[in-house]
Amino acid sequence: MSLRIIFMGTPEFSVPTLAALAEAGHQIVAVYTQPPRPGGRRGLDLQKSPVHQAAELLGIPVLTPVNFKDEADRQTFRDFDADVAVVVAYGLLLPEAILTGTKLGCYNGHASRLPRWRGAAPIQRAIMAGDHETGMMVMKMEKGLDTGPVALTKTVLIGETMTGGELHDRLMQVGASLMREAMAKLEADDLPLTVQAEDGVVYAQKISKTETRIDFARPAREVHDHIRGLSPFPGAWFELEIAGRPERIKVLNSEPASGEAEAGTVLDDNLTIACAEGAVRLTRLQRAGGKALGAADFLRGTPVAPGTRVG
């Protein structure tokens with residue numbers, strides 16, 4: 001026996017789960033993903049999402065509705081006669097007609113330990129907040145934002161220097177394994193559901209451009225967490241004057257350091273920057289249009305003298 005599954009996802013994060021369900025022998029009757037978006041070097045070519053590309057390689061029909069407001073799109077969904085829908089980073093809020101459009105409902109793979117970090121950016125927010133652990137959860141979806149009952153949980157530790165990109169890659173593999181287990185239990189009618197706690201709800205708001213700038217007037221621990229949480233995308237940055245003009249410098253890695261001076265002051269020849277409390281050493285940086293470099297290589301091309309103020 002196997003389940004008839006509709007898979008709904010868009011970015012690279014979703015692909016391992018799609019692959020895991022297919023490998024488990026389930027019948028993926030359709031894949032829903034976001035429509036192709038402009039991309040390429042000049043932004044002129046329409047590019048299919050990573051899930052779209054993966055589904056085509058697996059020979060699975062792909063649908064890309066802009067939303068589900070059209071009754072024809074809702075009926076198409078129901079006509080697949082699926083047992084269940086699996087949702088991983090799809091990118092659309094699903095209406096009631098879709099949530100109830102399969103025999104057993106919709107199950108979501110979410111990258112946090114609910115109810116902490118409901119919402120759009122749980123991976124980055126967990127690191128930026130200095131959390132020491134997070135996890136993957138499989139939950140049954142309902143109309144609220146990540147409010148449904150939880151089926152399975154897997155805790156993942158967050159290392160002191162782990163970046164958002166590294167945590168993303170770890171969680172997407174954990175999530176694939178967890179969803180495979182969840183669907184096996186669902187097929188066997190042995191998938192437990194536990195109502196989420198009402199205490200401890202925290203929302204992971206989408207990362208805005210205005211908060212990516214590094215504020216060295218914060219404690220060093222917070223600056224370090226901010227940098228690694230936003231690495232590699234969208235990237236935390238500061239301004240540095242180069243050849244008389246301010247230029248944005250993206251910081252991809254840092255480490256806590258010792259030192260004291262006015263916030264934003266370069267303390268030594270290793271790019272140690274004073275913060276409100278303590279200091280951070282910038283270890284991997286990237287100029288606009290350039291490639292990522294370790295601090296030593298960066299400084300060879302872009303000298304930054306001790307005493308320089310950045311911000």
# chains A, B, ... in the order shown; residues from 1 in each chain; ligands from 1
>>> residues_around(residues="A:Ala261", least_positions_apart="4", cutoff="12 Å", atoms="only C-alpha atoms", output="list in words")
Phe216, Ala217, Thr265, Val266, Leu267, Asp268, Thr272, Ile273, Ala274, Cys275, Ala276, Glu277, Gly278, Ala279, Val280, Pro306, Gly307, Thr308 and Arg309 of chain A
>>> select_by_dssp(residues="stretch 102-243 of chain A", states="strand (DSSP E or B)", output="PyMOL selection string")
chain A and resi 106-110+116-119+133-140+150-157+194+202-204+213+236-242
>>> write_last_selection(atoms="N, CA and C atoms", output="CSV table (one decimal), in the first residue's frame")
chain,number,residue,atom,x,y,z
A,106,CYS,N,-4.0,18.2,5.2
A,106,CYS,CA,-2.6,18.7,4.8
A,106,CYS,C,-1.7,18.6,6.0
A,107,TYR,N,-0.5,18.1,5.7
A,107,TYR,CA,0.6,18.1,6.7
A,107,TYR,C,1.8,18.9,6.3
A,108,ASN,N,2.2,19.7,7.2
A,108,ASN,CA,3.3,20.7,6.9
A,108,ASN,C,4.6,20.4,7.6
A,109,GLY,N,5.7,20.5,6.9
A,109,GLY,CA,7.0,20.4,7.6
A,109,GLY,C,7.5,21.8,7.9
A,110,HIS,N,7.6,22.1,9.2
A,110,HIS,CA,8.0,23.4,9.6
A,110,HIS,C,9.3,23.4,10.4
A,116,ARG,N,7.1,28.1,19.2
A,116,ARG,CA,8.1,29.1,19.0
A,116,ARG,C,8.5,29.2,17.5
A,117,TRP,N,8.5,30.4,17.0
A,117,TRP,CA,8.9,30.7,15.6
A,117,TRP,C,7.9,30.2,14.6
A,118,ARG,N,6.6,30.6,14.9
A,118,ARG,CA,5.6,30.4,13.8
A,118,ARG,C,5.9,31.5,12.7
A,119,GLY,N,5.6,31.2,11.5
A,119,GLY,CA,5.8,32.2,10.4
A,119,GLY,C,6.9,31.9,9.4
A,133,GLU,N,18.9,25.7,20.4
A,133,GLU,CA,18.3,24.6,19.7
A,133,GLU,C,17.1,25.0,19.0
A,134,THR,N,16.7,24.2,17.9
A,134,THR,CA,15.5,24.4,17.2
A,134,THR,C,15.1,23.0,16.8
A,135,GLY,N,14.4,22.9,15.6
A,135,GLY,CA,14.0,21.6,15.2
A,135,GLY,C,13.1,21.6,14.0
A,136,MET,N,12.7,20.4,13.6
A,136,MET,CA,11.7,20.2,12.5
A,136,MET,C,10.4,19.7,13.2
A,137,MET,N,9.3,20.1,12.7
A,137,MET,CA,8.0,19.5,13.1
A,137,MET,C,7.1,19.2,11.9
A,138,VAL,N,6.4,18.1,12.1
A,138,VAL,CA,5.3,17.8,11.1
A,138,VAL,C,4.0,18.1,11.9
A,139,MET,N,3.2,19.0,11.3
A,139,MET,CA,2.0,19.4,11.9
A,139,MET,C,0.8,19.2,10.9
A,140,LYS,N,-0.3,19.0,11.4
A,140,LYS,CA,-1.5,19.0,10.6
A,140,LYS,C,-2.0,20.4,10.5
A,150,VAL,N,0.6,19.1,16.4
A,150,VAL,CA,1.9,18.5,16.0
A,150,VAL,C,1.9,17.0,16.0
A,151,ALA,N,2.5,16.4,15.0
A,151,ALA,CA,2.5,15.0,14.9
A,151,ALA,C,3.9,14.5,15.4
A,152,LEU,N,5.0,15.0,14.8
A,152,LEU,CA,6.3,14.5,15.1
A,152,LEU,C,7.2,15.7,15.2
A,153,THR,N,8.3,15.5,16.1
A,153,THR,CA,9.3,16.6,16.3
A,153,THR,C,10.7,16.0,16.4
A,154,LYS,N,11.6,16.7,15.8
A,154,LYS,CA,13.0,16.3,15.9
A,154,LYS,C,13.8,17.6,16.3
A,155,THR,N,14.5,17.5,17.4
A,155,THR,CA,15.3,18.7,17.9
A,155,THR,C,16.7,18.7,17.2
A,156,VAL,N,17.1,19.9,16.8
A,156,VAL,CA,18.4,20.1,16.2
A,156,VAL,C,19.1,21.2,17.0
A,157,LEU,N,20.4,20.9,17.5
A,157,LEU,CA,21.2,21.8,18.2
A,157,LEU,C,21.7,22.9,17.3
A,194,THR,N,-0.8,16.1,18.7
A,194,THR,CA,-0.8,16.8,20.0
A,194,THR,C,-1.1,18.3,19.8
A,202,VAL,N,5.9,32.6,19.6
A,202,VAL,CA,6.8,33.6,19.1
A,202,VAL,C,6.7,33.6,17.5
A,203,TYR,N,6.6,34.8,16.9
A,203,TYR,CA,6.4,34.8,15.5
A,203,TYR,C,7.7,35.2,14.8
A,204,ALA,N,8.0,34.5,13.7
A,204,ALA,CA,9.2,34.7,12.9
A,204,ALA,C,8.9,35.5,11.7
A,213,ARG,N,21.3,45.7,8.1
A,213,ARG,CA,22.5,46.4,8.4
A,213,ARG,C,23.0,46.1,9.8
A,236,ALA,N,24.1,40.1,6.3
A,236,ALA,CA,24.3,41.3,7.1
A,236,ALA,C,25.4,42.1,6.5
A,237,TRP,N,25.4,43.5,6.7
A,237,TRP,CA,26.4,44.3,6.0
A,237,TRP,C,26.6,45.6,6.9
A,238,PHE,N,27.8,46.2,6.5
A,238,PHE,CA,28.1,47.5,7.1
A,238,PHE,C,28.7,48.3,6.0
A,239,GLU,N,28.9,49.6,6.2
A,239,GLU,CA,29.5,50.5,5.2
A,239,GLU,C,30.9,50.8,5.6
A,240,LEU,N,31.7,50.7,4.6
A,240,LEU,CA,33.2,51.0,4.7
A,240,LEU,C,33.6,52.0,3.6
A,241,GLU,N,34.3,53.1,4.0
A,241,GLU,CA,34.7,54.0,3.0
A,241,GLU,C,35.9,53.4,2.2
A,242,ILE,N,35.8,53.3,0.9
A,242,ILE,CA,36.8,52.8,0.0
A,242,ILE,C,37.0,53.8,-1.1
>>> residues_around(residues="stretch 75-90 of chain A", least_positions_apart="4", cutoff="6 Å", atoms="only C-alpha atoms", output="VMD selection string")
chain A and resid 4 to 10 14 101 to 109
>>> select_by_dssp(residues="stretch 67-302 of chain A", states="alpha helix (DSSP H)", output="PyMOL selection string")
chain A and resi 71-79+96-99+122-128+164-187+220-229+295-301
>>> residues_around(residues="A:Ile158", least_positions_apart="6", cutoff="9 Å", atoms="only C-alpha atoms", output="PyMOL selection string")
chain A and resi 126-127+130-134+167
>>> residues_around(residues="stretch 173-180 of chain A", least_positions_apart="2", cutoff="6 Å", atoms="only C-alpha atoms", output="PyMOL selection string")
chain A and resi 16-17+21+136+170-171+182-183
>>> closest_residue(among="A:Arg218, A:Arg125, A:Arg74, A:Arg281", to="A:Ala263", atoms="only C-alpha atoms")
A:Arg218
>>> atom_distance(atom1="atom CA of A:Gly59", atom2="atom CA of A:Ala20")
15.0 Å
>>> atom_distance(atom1="atom CA of A:His52", atom2="atom CA of A:Ala22")
14.5 Å
>>> closest_residue(among="A:Pro246, A:Gly25, A:Gly148, A:Pro50", to="A:Arg37", atoms="only C-alpha atoms")
A:Pro50
>>> atom_distance(atom1="atom CA of A:Phe233", atom2="atom CA of A:Ser49")
17.2 Å
